[in-house]
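As provided, input.txt (compact mmCIF, C-alpha atoms and all ligand atoms) reads as follows.
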# COMPACT_ATOMS: atom_id res chain seq x y z
CA MET G 3 -27.42 -59.90 2.10
CA PHE G 4 -28.17 -63.39 3.44
CA ALA G 5 -27.93 -62.15 7.02
CA GLU G 6 -30.66 -59.63 6.25
CA ILE G 7 -33.07 -62.08 4.64
CA ALA G 8 -32.36 -64.97 7.06
CA PRO G 9 -35.48 -64.42 9.23
CA ARG G 10 -37.84 -64.82 6.23
CA TYR G 11 -35.64 -67.06 4.08
CA ASP G 12 -37.45 -70.40 4.55
CA PHE G 13 -40.91 -68.89 4.37
CA LEU G 14 -40.13 -67.04 1.15
CA ASN G 15 -38.37 -70.02 -0.43
CA HIS G 16 -41.45 -72.17 -0.05
CA LEU G 17 -43.90 -69.40 -0.95
CA LEU G 18 -42.12 -68.10 -4.07
CA SER G 19 -41.51 -71.60 -5.42
CA ALA G 20 -44.95 -72.96 -4.39
CA SER G 21 -42.95 -75.46 -2.28
CA ILE G 22 -41.34 -76.99 -5.37
CA ASP G 23 -37.94 -76.36 -3.73
CA ARG G 24 -38.73 -79.18 -1.25
CA ARG G 25 -39.30 -81.59 -4.16
CA TRP G 26 -36.01 -80.53 -5.78
CA ARG G 27 -34.11 -81.25 -2.56
CA ARG G 28 -35.77 -84.67 -2.30
CA ILE G 29 -34.64 -85.45 -5.87
CA ALA G 30 -31.11 -84.36 -4.92
CA VAL G 31 -31.19 -86.76 -1.97
CA ALA G 32 -32.43 -89.62 -4.17
CA ARG G 33 -29.42 -88.98 -6.46
CA ALA G 34 -27.13 -88.85 -3.41
CA SER G 35 -28.46 -92.22 -2.31
CA GLN G 36 -27.44 -93.74 -5.67
CA LEU G 37 -24.03 -92.09 -5.63
CA LEU G 38 -23.36 -93.31 -2.08
CA GLU G 39 -24.37 -96.90 -2.85
CA ASN G 40 -20.86 -98.32 -2.36
CA ALA G 41 -19.69 -96.02 0.42
CA VAL G 42 -19.04 -97.53 3.84
CA GLU G 43 -20.23 -95.31 6.71
CA PRO G 44 -20.36 -92.25 4.43
CA LEU G 45 -19.60 -88.77 5.68
CA CYS G 46 -21.31 -85.86 3.89
CA LEU G 47 -20.71 -82.14 3.64
CA ASP G 48 -23.43 -79.66 2.69
CA LEU G 49 -21.84 -76.38 1.58
CA CYS G 50 -23.61 -73.01 1.60
CA SER G 51 -26.04 -74.93 3.75
CA GLY G 52 -28.03 -71.86 4.81
CA THR G 53 -30.93 -72.82 7.06
CA GLY G 54 -30.02 -76.50 6.63
CA ASP G 55 -32.89 -77.90 4.54
CA LEU G 56 -30.71 -80.12 2.34
CA ALA G 57 -28.54 -81.31 5.24
CA LEU G 58 -31.70 -82.24 7.18
CA GLU G 59 -33.21 -84.07 4.20
CA LEU G 60 -29.97 -86.01 3.58
CA ASN G 61 -29.74 -87.01 7.20
CA HIS G 62 -33.43 -87.86 7.50
CA GLN G 63 -33.66 -90.01 4.38
CA LEU G 64 -30.21 -91.61 4.21
CA ARG G 65 -29.36 -91.75 7.93
CA VAL G 66 -25.90 -90.35 7.22
CA PRO G 67 -23.94 -87.77 9.22
CA VAL G 68 -23.85 -84.42 7.40
CA ILE G 69 -21.72 -81.39 8.24
CA ALA G 70 -23.80 -78.29 7.47
CA ALA G 71 -21.43 -75.42 6.63
CA ASP G 72 -22.12 -71.78 5.74
CA PHE G 73 -20.41 -68.45 6.41
CA CYS G 74 -23.54 -66.53 7.36
CA HIS G 75 -24.13 -66.63 11.11
CA PRO G 76 -27.85 -65.69 11.12
CA MET G 77 -28.59 -68.46 8.58
CA LEU G 78 -26.69 -70.94 10.76
CA VAL G 79 -28.58 -69.90 13.89
CA ARG G 80 -31.80 -70.91 12.11
CA SER G 81 -30.21 -74.09 10.83
CA LEU G 82 -29.12 -75.07 14.32
CA ALA G 83 -32.63 -74.48 15.72
CA LYS G 84 -34.11 -76.75 13.01
CA VAL G 85 -31.45 -79.42 13.55
CA ARG G 86 -32.16 -79.40 17.29
CA SER G 87 -35.91 -79.58 16.85
CA ALA G 88 -35.40 -82.58 14.53
CA GLN G 89 -33.25 -84.08 17.33
CA ALA G 90 -30.43 -84.44 14.81
CA GLY G 91 -27.81 -82.43 16.69
CA GLU G 92 -25.37 -85.34 16.93
CA SER G 93 -25.47 -86.26 13.27
CA ILE G 94 -25.62 -82.73 11.77
CA PRO G 95 -22.85 -80.53 13.15
CA VAL G 96 -23.51 -76.95 12.02
CA ILE G 97 -20.32 -75.02 11.36
CA GLU G 98 -19.31 -71.59 10.17
CA ALA G 99 -17.00 -71.96 7.16
CA ASP G 100 -16.16 -70.27 3.88
CA SER G 101 -16.85 -72.57 0.94
CA LEU G 102 -13.90 -71.06 -0.91
CA VAL G 103 -11.40 -72.08 1.78
CA LEU G 104 -12.86 -75.12 3.49
CA PRO G 105 -11.45 -75.99 6.91
CA PHE G 106 -11.22 -79.70 6.08
CA ALA G 107 -8.34 -81.96 5.13
CA ASP G 108 -8.09 -83.38 1.62
CA GLN G 109 -10.14 -86.53 1.00
CA THR G 110 -12.45 -86.26 4.00
CA PHE G 111 -15.95 -86.73 2.54
CA ASP G 112 -17.87 -89.28 0.49
CA LEU G 113 -20.38 -86.68 -0.70
CA ALA G 114 -20.32 -82.90 -1.02
CA THR G 115 -23.56 -81.09 -1.87
CA VAL G 116 -24.41 -77.48 -2.58
CA ALA G 117 -27.97 -76.24 -3.14
CA PHE G 118 -28.56 -72.74 -4.51
CA GLY G 119 -25.13 -71.80 -3.22
CA LEU G 120 -22.60 -72.23 -6.03
CA ARG G 121 -24.12 -69.28 -7.95
CA ASN G 122 -23.59 -67.08 -4.89
CA LEU G 123 -19.90 -67.77 -4.47
CA GLN G 124 -17.52 -65.05 -5.56
CA ASP G 125 -15.64 -67.72 -7.47
CA PRO G 126 -17.82 -70.75 -8.30
CA VAL G 127 -14.92 -72.60 -9.95
CA GLN G 128 -12.88 -72.29 -6.75
CA GLY G 129 -15.94 -73.60 -4.85
CA LEU G 130 -15.99 -76.68 -7.10
CA ARG G 131 -12.23 -77.14 -6.64
CA GLU G 132 -12.68 -77.07 -2.86
CA MET G 133 -15.49 -79.62 -3.06
CA LYS G 134 -13.25 -81.89 -5.10
CA ARG G 135 -10.29 -81.42 -2.78
CA ALA G 136 -12.36 -82.32 0.28
CA LEU G 137 -13.85 -85.43 -1.38
CA LYS G 138 -12.35 -88.91 -1.07
CA ARG G 139 -11.47 -90.72 -4.29
CA GLY G 140 -14.74 -92.14 -5.59
CA GLY G 141 -16.67 -89.47 -3.68
CA ALA G 142 -19.38 -87.46 -5.44
CA ALA G 143 -20.36 -83.81 -5.76
CA ILE G 144 -23.96 -82.71 -6.25
CA VAL G 145 -24.94 -79.21 -7.33
CA LEU G 146 -28.59 -78.11 -7.18
CA GLU G 147 -29.05 -74.72 -8.80
CA PHE G 148 -31.43 -72.55 -10.79
CA SER G 149 -30.91 -73.01 -14.50
CA ARG G 150 -32.66 -72.33 -17.85
CA PRO G 151 -36.09 -73.71 -18.77
CA ALA G 152 -35.67 -75.70 -21.98
CA VAL G 153 -39.01 -75.07 -23.77
CA PRO G 154 -39.24 -71.52 -25.27
CA LEU G 155 -42.86 -70.54 -24.37
CA PHE G 156 -42.53 -71.98 -20.85
CA ARG G 157 -39.19 -70.15 -20.49
CA GLU G 158 -40.80 -66.81 -21.37
CA VAL G 159 -43.68 -67.26 -18.92
CA PHE G 160 -41.29 -68.35 -16.16
CA GLU G 161 -38.87 -65.48 -16.85
CA PHE G 162 -41.71 -62.98 -16.65
CA TYR G 163 -42.59 -64.35 -13.18
CA PHE G 164 -38.93 -64.56 -12.11
CA HIS G 165 -37.94 -61.06 -13.26
CA HIS G 166 -41.14 -59.07 -12.78
CA ILE G 167 -43.27 -60.68 -10.06
CA LEU G 168 -40.91 -62.55 -7.71
CA PRO G 169 -38.68 -59.50 -6.92
CA HIS G 170 -41.74 -57.46 -5.83
CA LEU G 171 -43.23 -60.26 -3.72
CA GLY G 172 -39.82 -60.96 -2.16
CA ALA G 173 -39.23 -57.29 -1.38
CA LEU G 174 -42.71 -56.88 0.11
CA ILE G 175 -42.42 -59.84 2.46
CA SER G 176 -38.73 -59.71 3.40
CA GLY G 177 -38.42 -55.92 3.41
CA GLN G 178 -35.25 -56.44 1.34
CA SER G 179 -35.62 -55.34 -2.26
CA SER G 180 -31.99 -55.83 -3.33
CA ALA G 181 -31.82 -59.55 -2.43
CA TYR G 182 -34.81 -60.48 -4.57
CA ARG G 183 -33.63 -58.31 -7.46
CA TYR G 184 -30.24 -60.00 -7.16
CA LEU G 185 -31.78 -63.50 -7.44
CA PRO G 186 -32.92 -63.39 -11.13
CA THR G 187 -29.84 -61.36 -12.12
CA SER G 188 -27.50 -63.90 -10.56
CA VAL G 189 -29.33 -66.78 -12.27
CA ARG G 190 -29.00 -65.04 -15.65
CA ARG G 191 -25.24 -64.68 -15.08
CA PHE G 192 -24.78 -68.27 -13.91
CA PRO G 193 -23.78 -70.92 -16.50
CA ALA G 194 -26.66 -72.87 -18.08
CA GLN G 195 -26.90 -76.67 -17.86
CA GLN G 196 -24.33 -77.74 -20.48
CA GLU G 197 -21.87 -75.03 -19.56
CA LEU G 198 -21.93 -75.93 -15.86
CA ALA G 199 -21.41 -79.61 -16.76
CA ALA G 200 -18.38 -78.57 -18.85
CA ILE G 201 -16.98 -76.48 -15.96
CA MET G 202 -17.33 -79.44 -13.57
CA ALA G 203 -15.50 -81.64 -16.06
CA ASP G 204 -12.75 -78.99 -16.40
CA VAL G 205 -12.32 -78.95 -12.62
CA GLY G 206 -11.64 -82.67 -12.90
CA PHE G 207 -14.91 -84.38 -12.02
CA LYS G 208 -15.63 -87.56 -13.97
CA GLU G 209 -18.97 -89.02 -15.06
CA VAL G 210 -20.48 -85.53 -15.01
CA ALA G 211 -24.18 -85.52 -15.80
CA TYR G 212 -27.25 -83.44 -15.11
CA GLN G 213 -30.99 -83.68 -14.85
CA ASN G 214 -33.43 -80.83 -15.50
CA LEU G 215 -35.94 -80.19 -12.74
CA SER G 216 -39.36 -78.64 -13.43
CA GLY G 217 -38.56 -78.21 -17.11
CA GLY G 218 -35.13 -76.72 -16.42
CA ILE G 219 -36.12 -74.01 -13.93
CA ALA G 220 -33.51 -75.78 -11.83
CA ALA G 221 -30.97 -78.46 -12.65
CA LEU G 222 -29.19 -81.11 -10.66
CA HIS G 223 -25.56 -81.72 -11.68
CA TRP G 224 -23.30 -84.39 -10.30
CA GLY G 225 -19.82 -85.75 -10.83
CA VAL G 226 -17.38 -88.16 -9.24
CA LYS G 227 -13.80 -87.67 -8.07
CA GLU G 228 -11.68 -90.33 -9.70
C1 LIG G 301 -29.56 -69.16 -1.45
S1 LIG G 301 -28.81 -69.68 0.03
C2 LIG G 301 -28.97 -71.44 -0.09
C3 LIG G 301 -29.15 -72.08 1.26
C4 LIG G 301 -29.49 -73.57 1.24
N1 LIG G 301 -28.43 -74.37 0.66
C5 LIG G 301 -30.80 -73.85 0.57
O1 LIG G 301 -30.88 -74.80 -0.22
O2 LIG G 301 -31.78 -73.17 0.86
C6 LIG G 301 -27.10 -69.42 -0.32
C7 LIG G 301 -26.21 -69.60 0.90
O3 LIG G 301 -24.84 -69.53 0.45
C8 LIG G 301 -24.09 -68.97 1.51
N2 LIG G 301 -22.80 -68.55 0.99
C9 LIG G 301 -22.53 -67.69 -0.02
N3 LIG G 301 -21.20 -67.58 -0.20
C10 LIG G 301 -20.61 -68.39 0.72
C11 LIG G 301 -19.26 -68.72 1.03
N4 LIG G 301 -18.23 -68.20 0.38
N5 LIG G 301 -19.04 -69.62 2.01
C12 LIG G 301 -20.06 -70.18 2.70
N6 LIG G 301 -21.36 -69.89 2.47
C13 LIG G 301 -21.63 -69.01 1.48
C14 LIG G 301 -24.98 -67.85 2.02
O4 LIG G 301 -24.61 -67.44 3.31
C15 LIG G 301 -26.36 -68.51 1.96
O5 LIG G 301 -26.72 -69.10 3.18
As structure tokens, what does this structure read like?
Ligand SMILES: C[S@@+](CC[C@H](N)C(=O)[O-])C[C@H]1O[C@@H](n2cnc3c(N)ncnc32)[C@H](O)[C@@H]1O
Amino acid sequence: MFAEIAPRYDFLNHLLSASIDRRWRRIAVARASQLLENAVEPLCLDLCSGTGDLALELNHQLRVPVIAADFCHPMLVRSLAKVRSAQAGESIPVIEADSLVLPFADQTFDLATVAFGLRNLQDPVQGLREMKRALKRGGAAIVLEFSRPAVPLFREVFEFYFHHILPHLGALISGQSSAYRYLPTSVRRFPAQQELAAIMADVGFKEVAYQNLSGGIAALHWGVKE
């Protein structure tokens, strides 16, 4: 599915969210900056990195090396082109890897991020376990994901857009109707804010907390490996 939408992925992301997705990634990076405060020469991993927007933002703002990993080759080809045009090839290695079986030793990273990827894993809990395994003690995980708008009337208006307008626009522009029908369905199935925080705590993350973004359309969760 991601291979098929890769050519129009960035364009549609920014169009369908009125570019709010860029703001959400910047907020994720601001949180990363706080969580990395005490790390010495931090090494970061961006899982389900897709076309690399979060990896690029992390590297650009925090000047940290970031491994951008995804299992979808056409997404990575686009990521690599963007990394090269930002002249960040040395500090953002782009690698093909399955987030459920990461090819990294235990305790390698200071930060592991995943943006709009956890929901797409066949087993999100296993994805969180892998993030934790690959983190050093004291390292942090950040999850940026669609969630549930908190205010009822706003939620209804947003859900009308998300379920009835976005799938048609997405299908029209990408030529892929199933991917943009899958998006709202997968968000509905994915745990809401509190439930995801509880799952992260169950996996063993400490100091788990979250912040609603744009009234809860998305949420940023984070936690620390003890
Ligand atoms: C919605 S995109 C998000 C891309 C990017 N993080 C962003 O913020 O735009 C989801 C990505 O998750 C990747 N993905 C899904 N399951 C995966 C897995 N098991 N291992 C690695 N990548 C996976 C897909 O290939 C896709 O690029």
Taking only C-alpha atoms and all ligand atoms into account, name the residue in G:Ala34, G:Ala70, G:Ala99, G:Leu47 that is nearest to ligand LIG 301 (chain G). G:Ala99
Cut-off 9 Å, only C-alpha atoms and all ligand atoms, neighbours of ligand LIG 301 (chain G) as a PyMOL selection string: chain G and resi 3-5+8+11-12+15+23+27+48-57+71-78+98-104+115-125+129+146-147+185
Would you be able to write out as an MDAnalysis selection string which residues have an atom within 12 Å of (-9.0, -82.5, 7.7) in the file's coordinates, counting all atoms listed in the file? chainID G and resid 104:111 135:138
Counting all atoms listed in the file, what is within 12 Å of region 150-167 of chain G, bar same-chain residues fewer than 6 positions away, as a ChimeraX atom specification? /G:18-19,173-174,182-198,213-222
Separation of CA of Cys46 (chain G) and CA of Arg65 (chain G), in Å? 10.8 Å
Could you rebuild region 22-33 of chain G with all heavy atoms and give me the result as a short mmCIF file (atom, residue, chain, number, x, y, z; two decimals), keeping the file's coordinate frame?
data_model
loop_
_atom_site.label_atom_id
_atom_site.label_comp_id
_atom_site.auth_asym_id
_atom_site.auth_seq_id
_atom_site.Cartn_x
_atom_site.Cartn_y
_atom_site.Cartn_z
N ILE G 22 -42.04 -76.06 -4.45
CA ILE G 22 -41.34 -76.99 -5.37
C ILE G 22 -39.89 -77.19 -4.93
O ILE G 22 -39.28 -78.22 -5.20
CB ILE G 22 -41.41 -76.47 -6.83
CG1 ILE G 22 -42.86 -76.55 -7.31
CG2 ILE G 22 -40.53 -77.27 -7.78
CD1 ILE G 22 -43.11 -75.86 -8.63
N ASP G 23 -39.33 -76.21 -4.19
CA ASP G 23 -37.94 -76.36 -3.73
C ASP G 23 -37.78 -77.60 -2.85
O ASP G 23 -36.74 -78.25 -2.86
CB ASP G 23 -37.48 -75.09 -2.99
CG ASP G 23 -38.26 -74.82 -1.73
OD1 ASP G 23 -39.51 -74.80 -1.78
OD2 ASP G 23 -37.63 -74.65 -0.67
N ARG G 24 -38.84 -77.98 -2.11
CA ARG G 24 -38.73 -79.18 -1.25
C ARG G 24 -38.58 -80.42 -2.13
O ARG G 24 -37.81 -81.33 -1.83
CB ARG G 24 -40.00 -79.35 -0.41
CG ARG G 24 -40.25 -78.25 0.59
CD ARG G 24 -41.52 -78.61 1.36
NE ARG G 24 -42.24 -77.45 1.83
CZ ARG G 24 -42.14 -76.95 3.06
NH1 ARG G 24 -41.33 -77.50 3.93
NH2 ARG G 24 -42.85 -75.91 3.41
N ARG G 25 -39.36 -80.44 -3.24
CA ARG G 25 -39.30 -81.59 -4.16
C ARG G 25 -37.91 -81.68 -4.79
O ARG G 25 -37.33 -82.76 -4.90
CB ARG G 25 -40.38 -81.41 -5.23
CG ARG G 25 -40.63 -82.67 -5.97
CD ARG G 25 -41.82 -82.59 -6.90
NE ARG G 25 -41.49 -83.41 -8.04
CZ ARG G 25 -41.18 -82.94 -9.23
NH1 ARG G 25 -41.19 -81.65 -9.45
NH2 ARG G 25 -40.86 -83.76 -10.18
N TRP G 26 -37.34 -80.54 -5.16
CA TRP G 26 -36.01 -80.53 -5.78
C TRP G 26 -34.97 -81.10 -4.81
O TRP G 26 -34.09 -81.85 -5.20
CB TRP G 26 -35.61 -79.11 -6.18
CG TRP G 26 -36.43 -78.52 -7.29
CD1 TRP G 26 -37.21 -79.19 -8.20
CD2 TRP G 26 -36.54 -77.13 -7.62
NE1 TRP G 26 -37.81 -78.30 -9.06
CE2 TRP G 26 -37.41 -77.04 -8.74
CE3 TRP G 26 -36.00 -75.96 -7.09
CZ2 TRP G 26 -37.74 -75.81 -9.32
CZ3 TRP G 26 -36.32 -74.75 -7.67
CH2 TRP G 26 -37.18 -74.68 -8.79
N ARG G 27 -35.09 -80.72 -3.53
CA ARG G 27 -34.11 -81.25 -2.56
C ARG G 27 -34.29 -82.75 -2.39
O ARG G 27 -33.31 -83.48 -2.25
CB ARG G 27 -34.24 -80.52 -1.21
CG ARG G 27 -33.72 -79.10 -1.26
CD ARG G 27 -33.54 -78.48 0.11
NE ARG G 27 -33.27 -77.05 -0.03
CZ ARG G 27 -34.22 -76.13 -0.21
NH1 ARG G 27 -35.49 -76.48 -0.21
NH2 ARG G 27 -33.91 -74.85 -0.36
N ARG G 28 -35.56 -83.22 -2.42
CA ARG G 28 -35.77 -84.67 -2.30
C ARG G 28 -35.15 -85.40 -3.48
O ARG G 28 -34.57 -86.48 -3.33
CB ARG G 28 -37.28 -84.98 -2.20
CG ARG G 28 -37.84 -84.70 -0.81
CD ARG G 28 -39.16 -85.42 -0.58
NE ARG G 28 -40.20 -84.98 -1.49
CZ ARG G 28 -41.00 -83.94 -1.26
NH1 ARG G 28 -40.90 -83.25 -0.13
NH2 ARG G 28 -41.92 -83.58 -2.13
N ILE G 29 -35.24 -84.82 -4.68
CA ILE G 29 -34.64 -85.45 -5.87
C ILE G 29 -33.11 -85.47 -5.72
O ILE G 29 -32.45 -86.46 -6.06
CB ILE G 29 -35.08 -84.72 -7.16
CG1 ILE G 29 -36.58 -84.91 -7.37
CG2 ILE G 29 -34.30 -85.21 -8.37
CD1 ILE G 29 -37.20 -84.08 -8.48
N ALA G 30 -32.56 -84.41 -5.16
CA ALA G 30 -31.11 -84.36 -4.92
C ALA G 30 -30.71 -85.48 -3.96
O ALA G 30 -29.67 -86.14 -4.15
CB ALA G 30 -30.70 -83.00 -4.37
N VAL G 31 -31.52 -85.72 -2.95
CA VAL G 31 -31.19 -86.76 -1.97
C VAL G 31 -31.31 -88.15 -2.60
O VAL G 31 -30.49 -89.04 -2.33
CB VAL G 31 -32.09 -86.62 -0.71
CG1 VAL G 31 -31.90 -87.81 0.23
CG2 VAL G 31 -31.78 -85.31 0.00
N ALA G 32 -32.30 -88.32 -3.49
CA ALA G 32 -32.43 -89.62 -4.17
C ALA G 32 -31.17 -89.88 -5.01
O ALA G 32 -30.64 -90.99 -5.04
CB ALA G 32 -33.67 -89.62 -5.06
N ARG G 33 -30.66 -88.84 -5.67
CA ARG G 33 -29.42 -88.98 -6.46
C ARG G 33 -28.25 -89.29 -5.52
O ARG G 33 -27.40 -90.14 -5.80
CB ARG G 33 -29.17 -87.69 -7.25
CG ARG G 33 -27.94 -87.67 -8.10
CD ARG G 33 -27.92 -88.72 -9.18
NE ARG G 33 -29.07 -88.56 -10.07
CZ ARG G 33 -29.40 -89.43 -11.05
NH1 ARG G 33 -28.68 -90.50 -11.25
NH2 ARG G 33 -30.47 -89.22 -11.79
#
